[in-house]
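Novice: Just one file: start.pdb, with PDB, C-alpha atoms.
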```pdb
ATOM      1  CA  MET T   1      -6.556  -8.186  15.167  1.00  0.00           C
ATOM      2  CA  LEU T   2      -6.022 -11.637  13.631  1.00  0.00           C
ATOM      3  CA  LEU T   3      -5.776  -9.943  10.246  1.00  0.00           C
ATOM      4  CA  LEU T   4      -2.530  -8.282  11.299  1.00  0.00           C
ATOM      5  CA  GLY T   5      -0.839 -11.588  12.097  1.00  0.00           C
ATOM      6  CA  PRO T   6       0.090 -12.843   8.589  1.00  0.00           C
ATOM      7  CA  PRO T   7       1.664  -9.620   7.208  1.00  0.00           C
ATOM      8  CA  VAL T   8       3.522  -8.977  10.474  1.00  0.00           C
ATOM      9  CA  LEU T   9       4.911 -12.508  10.570  1.00  0.00           C
ATOM     10  CA  VAL T  10       5.940 -12.480   6.905  1.00  0.00           C
ATOM     11  CA  PHE T  11       7.593  -9.101   7.345  1.00  0.00           C
ATOM     12  CA  ALA T  12       9.457 -10.325  10.424  1.00  0.00           C
ATOM     13  CA  LEU T  13      10.675 -13.393   8.527  1.00  0.00           C
ATOM     14  CA  ILE T  14      11.885 -11.371   5.543  1.00  0.00           C
ATOM     15  CA  THR T  15      13.582  -8.797   7.769  1.00  0.00           C
ATOM     16  CA  TRP T  16      15.339 -11.531   9.748  1.00  0.00           C
ATOM     17  CA  GLN T  17      16.650 -13.032   6.517  1.00  0.00           C
ATOM     18  CA  VAL T  18      17.855  -9.660   5.232  1.00  0.00           C
ATOM     19  CA  VAL T  19      19.606  -8.743   8.474  1.00  0.00           C
ATOM     20  CA  THR T  20      21.292 -12.148   8.832  1.00  0.00           C
ATOM     21  CA  ASP T  21      21.988 -12.591   5.102  1.00  0.00           C
ATOM     22  CA  GLY T  22      20.013 -15.823   5.181  1.00  0.00           C
ATOM     23  CA  PRO T  23      19.185 -18.262   2.369  1.00  0.00           C
ATOM     24  CA  LEU T  24      16.158 -16.217   1.277  1.00  0.00           C
ATOM     25  CA  VAL T  25      18.496 -13.343   0.453  1.00  0.00           C
ATOM     26  CA  ARG T  26      20.606 -15.526  -1.844  1.00  0.00           C
ATOM     27  CA  LEU T  27      17.452 -16.782  -3.549  1.00  0.00           C
ATOM     28  CA  ASP T  28      16.270 -13.180  -3.791  1.00  0.00           C
ATOM     29  CA  GLU T  29      19.492 -12.131  -5.534  1.00  0.00           C
ATOM     30  CA  ARG T  30      19.248 -14.966  -8.052  1.00  0.00           C
ATOM     31  CA  LEU T  31      15.632 -14.085  -8.781  1.00  0.00           C
ATOM     32  CA  SER T  32      16.564 -10.440  -9.265  1.00  0.00           C
ATOM     33  CA  ARG T  33      19.297 -11.310 -11.752  1.00  0.00           C
ATOM     34  CA  ALA T  34      16.749 -13.306 -13.754  1.00  0.00           C
ATOM     35  CA  LEU T  35      14.134 -10.537 -13.727  1.00  0.00           C
ATOM     36  CA  VAL T  36      16.074  -7.289 -14.115  1.00  0.00           C
ATOM     37  CA  ARG T  37      15.793  -5.862 -17.631  1.00  0.00           C
ATOM     38  CA  PRO T  38      15.898  -2.052 -17.353  1.00  0.00           C
ATOM     39  CA  ASP T  39      13.753  -0.342 -19.961  1.00  0.00           C
ATOM     40  CA  ARG T  40      11.486   2.661 -20.305  1.00  0.00           C
ATOM     41  CA  ALA T  41       8.306   0.681 -19.632  1.00  0.00           C
ATOM     42  CA  SER T  42       9.575  -0.664 -16.307  1.00  0.00           C
ATOM     43  CA  GLU T  43      10.724   2.823 -15.307  1.00  0.00           C
ATOM     44  CA  LEU T  44       7.273   4.266 -15.996  1.00  0.00           C
ATOM     45  CA  LEU T  45       5.610   1.485 -14.016  1.00  0.00           C
ATOM     46  CA  ALA T  46       7.974   2.060 -11.097  1.00  0.00           C
ATOM     47  CA  ASP T  47       6.918   5.716 -11.117  1.00  0.00           C
ATOM     48  CA  LEU T  48       3.439   4.612  -9.967  1.00  0.00           C
ATOM     49  CA  GLY T  49       5.004   4.336  -6.514  1.00  0.00           C
ATOM     50  CA  ASN T  50       6.355   7.884  -6.551  1.00  0.00           C
ATOM     51  CA  ILE T  51       4.898  10.289  -4.007  1.00  0.00           C
ATOM     52  CA  GLU T  52       4.177  12.758  -6.823  1.00  0.00           C
ATOM     53  CA  VAL T  53       1.935  10.185  -8.520  1.00  0.00           C
ATOM     54  CA  ALA T  54       0.344   8.172  -5.719  1.00  0.00           C
ATOM     55  CA  VAL T  55      -0.319  10.816  -3.070  1.00  0.00           C
ATOM     56  CA  PRO T  56      -2.460  13.113  -5.301  1.00  0.00           C
ATOM     57  CA  VAL T  57      -4.715  10.114  -5.969  1.00  0.00           C
ATOM     58  CA  LEU T  58      -5.157   9.634  -2.232  1.00  0.00           C
ATOM     59  CA  VAL T  59      -5.708  13.350  -1.650  1.00  0.00           C
ATOM     60  CA  ALA T  60      -8.529  13.328  -4.214  1.00  0.00           C
ATOM     61  CA  ALA T  61     -10.105  10.343  -2.440  1.00  0.00           C
ATOM     62  CA  LEU T  62      -9.753  12.087   0.941  1.00  0.00           C
ATOM     63  CA  ALA T  63     -11.516  15.172  -0.390  1.00  0.00           C
ATOM     64  CA  CYS T  64     -14.280  13.105  -1.981  1.00  0.00           C
ATOM     65  CA  ALA T  65     -14.872  11.072   1.181  1.00  0.00           C
ATOM     66  CA  ALA T  66     -14.930  14.202   3.358  1.00  0.00           C
ATOM     67  CA  TRP T  67     -17.329  16.048   1.054  1.00  0.00           C
ATOM     68  CA  ARG T  68     -19.678  13.087   0.697  1.00  0.00           C
ATOM     69  CA  GLY T  69     -19.645  12.216   4.387  1.00  0.00           C
ATOM     70  CA  ARG T  70     -20.465  15.757   5.410  1.00  0.00           C
ATOM     71  CA  ALA T  71     -23.107  16.119   2.690  1.00  0.00           C
ATOM     72  CA  VAL T  72     -25.103  13.127   3.954  1.00  0.00           C
ATOM     73  CA  GLY T  73     -24.706  14.132   7.602  1.00  0.00           C
ATOM     74  CA  ARG T  74     -22.669  11.101   8.575  1.00  0.00           C
ATOM     75  CA  ASP T  75     -21.515  10.906  12.185  1.00  0.00           C
ATOM     76  CA  ARG T  76     -17.794  11.621  12.501  1.00  0.00           C
ATOM     77  CA  TRP T  77     -17.586  12.194   8.751  1.00  0.00           C
ATOM     78  CA  TRP T  78     -14.092  13.555   9.223  1.00  0.00           C
ATOM     79  CA  LEU T  79     -12.658  10.368  10.736  1.00  0.00           C
ATOM     80  CA  PRO T  80     -12.130   8.226   7.584  1.00  0.00           C
ATOM     81  CA  PRO T  81     -10.360  11.037   5.648  1.00  0.00           C
ATOM     82  CA  ALA T  82      -8.226  11.897   8.696  1.00  0.00           C
ATOM     83  CA  ALA T  83      -7.320   8.236   9.194  1.00  0.00           C
ATOM     84  CA  GLY T  84      -6.410   7.958   5.521  1.00  0.00           C
ATOM     85  CA  ALA T  85      -4.080  10.940   5.809  1.00  0.00           C
ATOM     86  CA  VAL T  86      -2.459   9.512   8.940  1.00  0.00           C
ATOM     87  CA  ALA T  87      -1.974   6.183   7.144  1.00  0.00           C
ATOM     88  CA  MET T  88       0.025   7.920   4.429  1.00  0.00           C
ATOM     89  CA  VAL T  89       2.141   9.804   6.963  1.00  0.00           C
ATOM     90  CA  LEU T  90       2.957   6.508   8.679  1.00  0.00           C
ATOM     91  CA  VAL T  91       4.725   5.180   5.574  1.00  0.00           C
ATOM     92  CA  PRO T  92       7.934   7.246   5.908  1.00  0.00           C
ATOM     93  CA  VAL T  93       7.722   7.008   9.705  1.00  0.00           C
ATOM     94  CA  LEU T  94       7.923   3.206   9.427  1.00  0.00           C
ATOM     95  CA  VAL T  95      10.126   2.858   6.354  1.00  0.00           C
ATOM     96  CA  LEU T  96      12.960   5.288   7.022  1.00  0.00           C
ATOM     97  CA  PRO T  97      14.147   3.807  10.365  1.00  0.00           C
ATOM     98  CA  LEU T  98      13.994   0.314   8.853  1.00  0.00           C
ATOM     99  CA  LYS T  99      16.115   1.424   5.902  1.00  0.00           C
ATOM    100  CA  ALA T 100      18.723   2.843   8.255  1.00  0.00           C
ATOM    101  CA  TRP T 101      18.711  -0.260  10.450  1.00  0.00           C
ATOM    102  CA  THR T 102      18.867  -2.950   7.753  1.00  0.00           C
ATOM    103  CA  ASP T 103      21.332  -0.968   5.618  1.00  0.00           C
ATOM    104  CA  ARG T 104      20.743  -3.227   2.619  1.00  0.00           C
ATOM    105  CA  PRO T 105      22.648  -2.407  -0.591  1.00  0.00           C
ATOM    106  CA  GLY T 106      20.862  -1.995  -3.894  1.00  0.00           C
ATOM    107  CA  THR T 107      20.935  -4.175  -6.971  1.00  0.00           C
ATOM    108  CA  PRO T 108      23.747  -3.958  -9.558  1.00  0.00           C
ATOM    109  CA  ALA T 109      21.362  -1.917 -11.737  1.00  0.00           C
ATOM    110  CA  VAL T 110      21.540   1.126  -9.434  1.00  0.00           C
ATOM    111  CA  PRO T 111      24.500   3.205  -8.195  1.00  0.00           C
ATOM    112  CA  PRO T 112      26.241   1.785  -5.103  1.00  0.00           C
ATOM    113  CA  ALA T 113      24.294   2.779  -2.009  1.00  0.00           C
ATOM    114  CA  VAL T 114      22.497   1.297   0.979  1.00  0.00           C
ATOM    115  CA  GLY T 115      19.052   1.650   2.542  1.00  0.00           C
ATOM    116  CA  TYR T 116      16.961  -0.179  -0.030  1.00  0.00           C
ATOM    117  CA  TYR T 117      15.007  -2.355   2.404  1.00  0.00           C
ATOM    118  CA  PRO T 118      12.046  -2.129   2.616  1.00  0.00           C
ATOM    119  CA  SER T 119      10.781  -0.533  -0.577  1.00  0.00           C
ATOM    120  CA  GLY T 120       9.234   2.819   0.281  1.00  0.00           C
ATOM    121  CA  HIS T 121       7.818   3.163  -3.220  1.00  0.00           C
ATOM    122  CA  THR T 122       5.961  -0.123  -2.841  1.00  0.00           C
ATOM    123  CA  ALA T 123       4.589   0.810   0.574  1.00  0.00           C
ATOM    124  CA  THR T 124       3.549   4.204  -0.815  1.00  0.00           C
ATOM    125  CA  ALA T 125       1.654   2.570  -3.687  1.00  0.00           C
ATOM    126  CA  VAL T 126      -0.063   0.035  -1.417  1.00  0.00           C
ATOM    127  CA  VAL T 127      -1.168   2.621   1.142  1.00  0.00           C
ATOM    128  CA  ALA T 128      -2.082   5.448  -1.234  1.00  0.00           C
ATOM    129  CA  TYR T 129      -4.100   3.375  -3.704  1.00  0.00           C
ATOM    130  CA  GLY T 130      -5.413   0.984  -1.065  1.00  0.00           C
ATOM    131  CA  ALA T 131      -6.564   3.758   1.265  1.00  0.00           C
ATOM    132  CA  ALA T 132      -8.248   5.510  -1.671  1.00  0.00           C
ATOM    133  CA  VAL T 133     -10.223   2.338  -2.352  1.00  0.00           C
ATOM    134  CA  LEU T 134     -11.178   1.894   1.313  1.00  0.00           C
ATOM    135  CA  LEU T 135     -12.478   5.466   1.373  1.00  0.00           C
ATOM    136  CA  LEU T 136     -14.322   5.377  -1.937  1.00  0.00           C
ATOM    137  CA  VAL T 137     -15.893   1.897  -1.949  1.00  0.00           C
ATOM    138  CA  PRO T 138     -18.492   2.758   0.756  1.00  0.00           C
ATOM    139  CA  LEU T 139     -19.616   5.693  -1.410  1.00  0.00           C
ATOM    140  CA  LEU T 140     -20.312   3.500  -4.438  1.00  0.00           C
ATOM    141  CA  ARG T 141     -23.622   1.691  -4.867  1.00  0.00           C
ATOM    142  CA  SER T 142     -22.749  -0.365  -7.929  1.00  0.00           C
ATOM    143  CA  PRO T 143     -21.004  -3.692  -7.151  1.00  0.00           C
ATOM    144  CA  ALA T 144     -19.503  -3.639 -10.648  1.00  0.00           C
ATOM    145  CA  VAL T 145     -17.906  -0.234 -10.042  1.00  0.00           C
ATOM    146  CA  ARG T 146     -16.594  -1.403  -6.675  1.00  0.00           C
ATOM    147  CA  ARG T 147     -14.999  -4.447  -8.272  1.00  0.00           C
ATOM    148  CA  ALA T 148     -13.520  -2.295 -11.015  1.00  0.00           C
ATOM    149  CA  LEU T 149     -12.008   0.033  -8.415  1.00  0.00           C
ATOM    150  CA  LEU T 150     -10.506  -2.895  -6.515  1.00  0.00           C
ATOM    151  CA  LEU T 151      -9.055  -4.323  -9.729  1.00  0.00           C
ATOM    152  CA  LEU T 152      -7.619  -0.929 -10.655  1.00  0.00           C
ATOM    153  CA  CYS T 153      -5.954  -0.657  -7.232  1.00  0.00           C
ATOM    154  CA  ALA T 154      -4.485  -4.150  -7.590  1.00  0.00           C
ATOM    155  CA  ALA T 155      -3.247  -3.338 -11.094  1.00  0.00           C
ATOM    156  CA  LEU T 156      -1.552  -0.117  -9.954  1.00  0.00           C
ATOM    157  CA  VAL T 157       0.204  -1.815  -7.039  1.00  0.00           C
ATOM    158  CA  ALA T 158       1.212  -4.793  -9.182  1.00  0.00           C
ATOM    159  CA  GLY T 159       2.475  -2.486 -11.925  1.00  0.00           C
ATOM    160  CA  ALA T 160       4.562  -0.435  -9.515  1.00  0.00           C
ATOM    161  CA  SER T 161       5.957  -3.575  -7.886  1.00  0.00           C
ATOM    162  CA  TYR T 162       6.838  -5.178 -11.198  1.00  0.00           C
ATOM    163  CA  GLY T 163       8.443  -1.984 -12.464  1.00  0.00           C
ATOM    164  CA  LEU T 164      10.601  -1.593  -9.352  1.00  0.00           C
ATOM    165  CA  VAL T 165      11.956  -5.128  -9.688  1.00  0.00           C
ATOM    166  CA  ARG T 166      12.214  -5.172 -13.479  1.00  0.00           C
ATOM    167  CA  ARG T 167      14.040  -1.839 -13.560  1.00  0.00           C
ATOM    168  CA  GLY T 168      16.351  -3.002 -10.772  1.00  0.00           C
ATOM    169  CA  TYR T 169      15.408  -0.264  -8.345  1.00  0.00           C
ATOM    170  CA  HIS T 170      14.695  -2.897  -5.673  1.00  0.00           C
ATOM    171  CA  TRP T 171      15.262  -6.533  -4.850  1.00  0.00           C
ATOM    172  CA  PRO T 172      12.084  -8.663  -4.861  1.00  0.00           C
ATOM    173  CA  LEU T 173      12.234  -9.061  -1.063  1.00  0.00           C
ATOM    174  CA  ASP T 174      12.303  -5.258  -0.689  1.00  0.00           C
ATOM    175  CA  VAL T 175       9.029  -5.120  -2.590  1.00  0.00           C
ATOM    176  CA  ALA T 176       7.494  -8.011  -0.638  1.00  0.00           C
ATOM    177  CA  ALA T 177       8.340  -6.214   2.611  1.00  0.00           C
ATOM    178  CA  GLY T 178       6.675  -3.077   1.225  1.00  0.00           C
ATOM    179  CA  TRP T 179       3.509  -5.106   0.605  1.00  0.00           C
ATOM    180  CA  CYS T 180       3.552  -6.345   4.202  1.00  0.00           C
ATOM    181  CA  LEU T 181       4.041  -2.895   5.690  1.00  0.00           C
ATOM    182  CA  GLY T 182       1.360  -1.436   3.459  1.00  0.00           C
ATOM    183  CA  ALA T 183      -1.045  -4.232   4.408  1.00  0.00           C
ATOM    184  CA  VAL T 184      -0.488  -3.581   8.116  1.00  0.00           C
ATOM    185  CA  VAL T 185      -1.197   0.136   7.669  1.00  0.00           C
ATOM    186  CA  LEU T 186      -4.320  -0.520   5.585  1.00  0.00           C
ATOM    187  CA  ILE T 187      -5.685  -3.043   8.072  1.00  0.00           C
ATOM    188  CA  CYS T 188      -5.194  -0.516  10.870  1.00  0.00           C
ATOM    189  CA  LEU T 189      -6.953   2.103   8.735  1.00  0.00           C
ATOM    190  CA  TRP T 190      -9.875  -0.249   8.101  1.00  0.00           C
ATOM    191  CA  LEU T 191     -10.163  -1.136  11.789  1.00  0.00           C
ATOM    192  CA  SER T 192     -10.015   2.476  12.945  1.00  0.00           C
ATOM    193  CA  ALA T 193     -12.234   4.117  10.349  1.00  0.00           C
ATOM    194  CA  GLY T 194     -14.212   1.298   8.711  1.00  0.00           C
ATOM    195  CA  ARG T 195     -17.344   1.707  10.768  1.00  0.00           C
ATOM    196  CA  SER T 196     -17.440   5.452  10.306  1.00  0.00           C
ATOM    197  CA  SER T 197     -17.358   5.052   6.528  1.00  0.00           C
ATOM    198  CA  ARG T 198     -20.619   3.081   6.533  1.00  0.00           C
ATOM    199  CA  PRO T 199     -23.830   4.961   5.767  1.00  0.00           C
ATOM    200  CA  PRO T 200     -25.764   6.043   8.873  1.00  0.00           C
ATOM    201  CA  THR T 201     -28.919   4.171   9.838  1.00  0.00           C
ATOM    202  CA  ALA T 202     -31.098   6.978   8.538  1.00  0.00           C
ATOM    203  CA  ASP T 203     -29.534   6.583   5.095  1.00  0.00           C
ATOM    204  CA  ARG T 204     -30.486   2.922   5.023  1.00  0.00           C
ATOM    205  CA  GLN T 205     -34.095   3.286   6.206  1.00  0.00           C
ATOM    206  CA  PRO T 206     -35.642   4.140   2.805  1.00  0.00           C
ATOM    207  CA  ALA T 207     -34.003   1.129   1.232  1.00  0.00           C
ATOM    208  CA  SER T 208     -35.254  -1.080   4.083  1.00  0.00           C
ATOM    209  CA  ARG T 209     -38.846   0.125   3.670  1.00  0.00           C
ATOM    210  CA  ALA T 210     -38.677  -0.469  -0.040  1.00  0.00           C
ATOM    211  CA  LYS T 211     -37.948  -4.181   0.460  1.00  0.00           C
TER     212      LYS T 211
END
```
Starting from the file, lay out its structure as structure tokens.

Specialist:
Amino acid sequence: MLLLGPPVLVFALITWQVVTDGPLVRLDERLSRALVRPDRASELLADLGNIEVAVPVLVAALACAAWRGRAVGRDRWWLPPAAGAVAMVLVPVLVLPLKAWTDRPGTPAVPPAVGYYPSGHTATAVVAYGAAVLLLVPLLRSPAVRRALLLLCAALVAGASYGLVRRGYHWPLDVAAGWCLGAVVLICLWLSAGRSSRPPTADRQPASRAK
């Protein structure tokens, strides 16, 4: 449970600043003005946080984890894929009420509107790609492939985050809050389904005898 502390505290701090229009918000606006340069590349990167892009990646990972878990006879093989699906559903459940409550306007690069905090696209990218990694890593035997998958996840989330800020779709603090929310959801996913994603004892016995 200690893992949940840092992202929850950072999210609470950012939200407090946004709601009260604190000094972090003014710094955030200055940073945004320095970073925003709308172009096609930033728009494409921002699309990595779209539901149409991120969710199919997670769905493929859910199917792979379910098939593999059932194939090897893992106890409660259905739990990690089900938890991954629930994690994705939690994103709009958490984000939409916060958008309505904070009522934050967008950057000058987007049409006048409110409800930009926190960034749902960022949270979607963090949870979809992160949950896919949590589901797939236990299925991979090669440490190099595991590291490559982790790096790919980090690159996709970083690309989406950079694109959202660079294009002006979101303020930097919106994106940071999306990271925090996504981290909380992923930690809960890991705590609830992490043990079930490990190979059963029977799967590890041959390797133990070979040592």

Novice: Quick check on the file I pasted: which residues fall under the PyMOL selection byres ((chain T and resi 63-70) around 9)? Write them as a PyMOL selection string.

Specialist: chain T and resi 58-62+71-82+135-136+139+197+199

Novice: Which residues fall under the PyMOL selection byres ((chain T and resi 120) around 10) in this file, as a ChimeraX atom specification?

Specialist: /T:49-51,91-92,94-96,99,116-119,121-126,170,174-175,177-179,181-182

Novice: Once the PyMOL selection byres ((chain T and resi 148-161) around 8) has been applied to the shown file, what residues remain in the selection, as a ChimeraX atom specification?

Specialist: /T:45-49,121-122,125-126,129-130,133,137,144-147,162-165,175

Novice: Just to confirm, what's the straight-line distance from CA of Pro172 in chain T to CA of Leu191 in chain T in Å (one decimal)?

Specialist: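 Going from CA of Pro172 in chain T over to CA of Leu191 in chain T covers 28.8 Å.
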
Novice: Do you have the CA of Leu140 in chain T-CA of Pro6 in chain T distance handy?

Specialist: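 Separation of CA of Leu140 in chain T and CA of Pro6 in chain T: 29.2 Å.
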
Novice: List the spatial neighbours of Val19 in chain T as a PDB file with C-alpha atoms, in the frame of the given file - criterion: any atom at most 9 Å away, all atoms listed in the file, same-chain residues fewer than 2 positions off excluded.

Specialist:
```
ATOM      1  CA  ILE T  14      11.885 -11.371   5.543  1.00  0.00           C
ATOM      2  CA  THR T  15      13.582  -8.797   7.769  1.00  0.00           C
ATOM      3  CA  TRP T  16      15.339 -11.531   9.748  1.00  0.00           C
ATOM      4  CA  GLN T  17      16.650 -13.032   6.517  1.00  0.00           C
ATOM      5  CA  ASP T  21      21.988 -12.591   5.102  1.00  0.00           C
ATOM      6  CA  GLY T  22      20.013 -15.823   5.181  1.00  0.00           C
ATOM      7  CA  TRP T 101      18.711  -0.260  10.450  1.00  0.00           C
ATOM      8  CA  THR T 102      18.867  -2.950   7.753  1.00  0.00           C
ATOM      9  CA  ASP T 103      21.332  -0.968   5.618  1.00  0.00           C
ATOM     10  CA  ARG T 104      20.743  -3.227   2.619  1.00  0.00           C
TER      11      ARG T 104
END
```

Novice: What is the distance, in Å and to one decimal place, between CA of Leu173 in chain T and CA of Ala128 in chain T?

Specialist: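 Straight-line distance from CA of Leu173 in chain T to CA of Ala128 in chain T works out to 20.4 Å.
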
Novice: Kindly assemble as CSV a list of the range 60-167 of chain T residues that lie within 9 Å of range 186-190 of chain T, each paired with its nearest atom pair and their distance in Å to one decimal, using only C-alpha atoms, sorted first by chain and then by ascending residue number.

Specialist:
```
residue,atom,partner,partner_atom,distance
T:Pro80,CA,T:Leu189,CA,8.1
T:Ala83,CA,T:Leu189,CA,6.2
T:Gly84,CA,T:Leu189,CA,6.7
T:Val86,CA,T:Leu189,CA,8.7
T:Ala87,CA,T:Leu189,CA,6.6
T:Val126,CA,T:Leu186,CA,8.2
T:Val127,CA,T:Leu186,CA,6.3
T:Gly130,CA,T:Leu186,CA,6.9
T:Ala131,CA,T:Leu186,CA,6.5
T:Leu134,CA,T:Trp190,CA,7.2
```

Novice: Could you dump the residues just selected with C-alpha atoms as a tab-separated table (two decimals), in the frame of the given file?

Specialist:
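Once written, selection-v7.tsv looks like this:
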```tsv
chain	number	residue	atom	x	y	z
T	80	PRO	CA	-12.13	8.23	7.58
T	83	ALA	CA	-7.32	8.24	9.19
T	84	GLY	CA	-6.41	7.96	5.52
T	86	VAL	CA	-2.46	9.51	8.94
T	87	ALA	CA	-1.97	6.18	7.14
T	126	VAL	CA	-0.06	0.04	-1.42
T	127	VAL	CA	-1.17	2.62	1.14
T	130	GLY	CA	-5.41	0.98	-1.06
T	131	ALA	CA	-6.56	3.76	1.26
T	134	LEU	CA	-11.18	1.89	1.31
```

Novice: Find the axis-aligned box for range 19-23 of chain T, covering all its listed atoms and adding 3 Å on each side, and write its centre and edge lengths in Å to one decimal as JSON.

Specialist:
```
{"center_x": 20.6, "center_y": -13.5, "center_z": 5.6, "size_x": 8.8, "size_y": 15.5, "size_z": 12.5}
```

Novice: For Ala34 in chain T, work out the shell of residues within 12 Å, counting all atoms listed in the file and skipping chain neighbours fewer than 3 positions away, then give it as JSON, numbers by chain.

Specialist: {"T": [27, 28, 29, 30, 31, 37, 38, 165, 166, 167, 168, 171, 172]}

Novice: Quick one: write out the picked residues with C-alpha atoms as an mmCIF file, in the coordinates of the input?

Specialist:
```
data_model
loop_
_atom_site.group_PDB
_atom_site.id
_atom_site.type_symbol
_atom_site.label_atom_id
_atom_site.label_comp_id
_atom_site.auth_asym_id
_atom_site.auth_seq_id
_atom_site.Cartn_x
_atom_site.Cartn_y
_atom_site.Cartn_z
ATOM 1 C CA LEU T 27 17.452 -16.782 -3.549
ATOM 2 C CA ASP T 28 16.270 -13.180 -3.791
ATOM 3 C CA GLU T 29 19.492 -12.131 -5.534
ATOM 4 C CA ARG T 30 19.248 -14.966 -8.052
ATOM 5 C CA LEU T 31 15.632 -14.085 -8.781
ATOM 6 C CA ARG T 37 15.793 -5.862 -17.631
ATOM 7 C CA PRO T 38 15.898 -2.052 -17.353
ATOM 8 C CA VAL T 165 11.956 -5.128 -9.688
ATOM 9 C CA ARG T 166 12.214 -5.172 -13.479
ATOM 10 C CA ARG T 167 14.040 -1.839 -13.560
ATOM 11 C CA GLY T 168 16.351 -3.002 -10.772
ATOM 12 C CA TRP T 171 15.262 -6.533 -4.850
ATOM 13 C CA PRO T 172 12.084 -8.663 -4.861
#
```

Novice: Can you pull out every residue within 7 Å of Cys180 in chain T, counting only C-alpha atoms, but drop anything in the same chain fewer than 3 positions away, and send it as JSON, numbers by chain?

Specialist: {"T": [7, 8, 11, 176, 177, 183, 184]}

Novice: With N, CA and C atoms as the target, complete range 3-21 of chain T and hand it back as a CSV table (one decimal), in the frame of the given file.

Specialist:
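Writing the result to part_29.csv gives the following:
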```
chain,number,residue,atom,x,y,z
T,3,LEU,N,-6.2,-10.3,11.6
T,3,LEU,CA,-5.8,-9.9,10.2
T,3,LEU,C,-4.3,-9.4,10.2
T,4,LEU,N,-3.9,-8.8,11.3
T,4,LEU,CA,-2.5,-8.3,11.3
T,4,LEU,C,-1.4,-9.4,11.4
T,5,GLY,N,-1.8,-10.5,11.9
T,5,GLY,CA,-0.8,-11.6,12.1
T,5,GLY,C,0.0,-12.0,10.9
T,6,PRO,N,-0.7,-12.4,9.8
T,6,PRO,CA,0.1,-12.8,8.6
T,6,PRO,C,1.1,-11.8,8.0
T,7,PRO,N,0.7,-10.6,7.8
T,7,PRO,CA,1.7,-9.6,7.2
T,7,PRO,C,2.8,-9.3,8.2
T,8,VAL,N,2.5,-9.3,9.5
T,8,VAL,CA,3.5,-9.0,10.5
T,8,VAL,C,4.5,-10.1,10.5
T,9,LEU,N,4.0,-11.4,10.5
T,9,LEU,CA,4.9,-12.5,10.6
T,9,LEU,C,5.8,-12.6,9.3
T,10,VAL,N,5.2,-12.4,8.1
T,10,VAL,CA,5.9,-12.5,6.9
T,10,VAL,C,7.0,-11.4,6.9
T,11,PHE,N,6.6,-10.2,7.3
T,11,PHE,CA,7.6,-9.1,7.3
T,11,PHE,C,8.7,-9.4,8.3
T,12,ALA,N,8.4,-10.0,9.5
T,12,ALA,CA,9.5,-10.3,10.4
T,12,ALA,C,10.4,-11.4,9.8
T,13,LEU,N,9.8,-12.4,9.1
T,13,LEU,CA,10.7,-13.4,8.5
T,13,LEU,C,11.6,-12.8,7.5
T,14,ILE,N,11.1,-12.0,6.6
T,14,ILE,CA,11.9,-11.4,5.5
T,14,ILE,C,13.0,-10.5,6.2
T,15,THR,N,12.6,-9.7,7.1
T,15,THR,CA,13.6,-8.8,7.8
T,15,THR,C,14.7,-9.6,8.4
T,16,TRP,N,14.3,-10.7,9.1
T,16,TRP,CA,15.3,-11.5,9.7
T,16,TRP,C,16.3,-12.1,8.7
T,17,GLN,N,15.8,-12.5,7.6
T,17,GLN,CA,16.6,-13.0,6.5
T,17,GLN,C,17.6,-12.0,5.9
T,18,VAL,N,17.1,-10.7,5.8
T,18,VAL,CA,17.9,-9.7,5.2
T,18,VAL,C,19.0,-9.3,6.2
T,19,VAL,N,18.6,-9.2,7.5
T,19,VAL,CA,19.6,-8.7,8.5
T,19,VAL,C,20.7,-9.8,8.7
T,20,THR,N,20.3,-11.1,8.6
T,20,THR,CA,21.3,-12.1,8.8
T,20,THR,C,21.9,-12.7,7.5
T,21,ASP,N,21.5,-12.1,6.4
T,21,ASP,CA,22.0,-12.6,5.1
T,21,ASP,C,21.7,-14.1,4.9
```
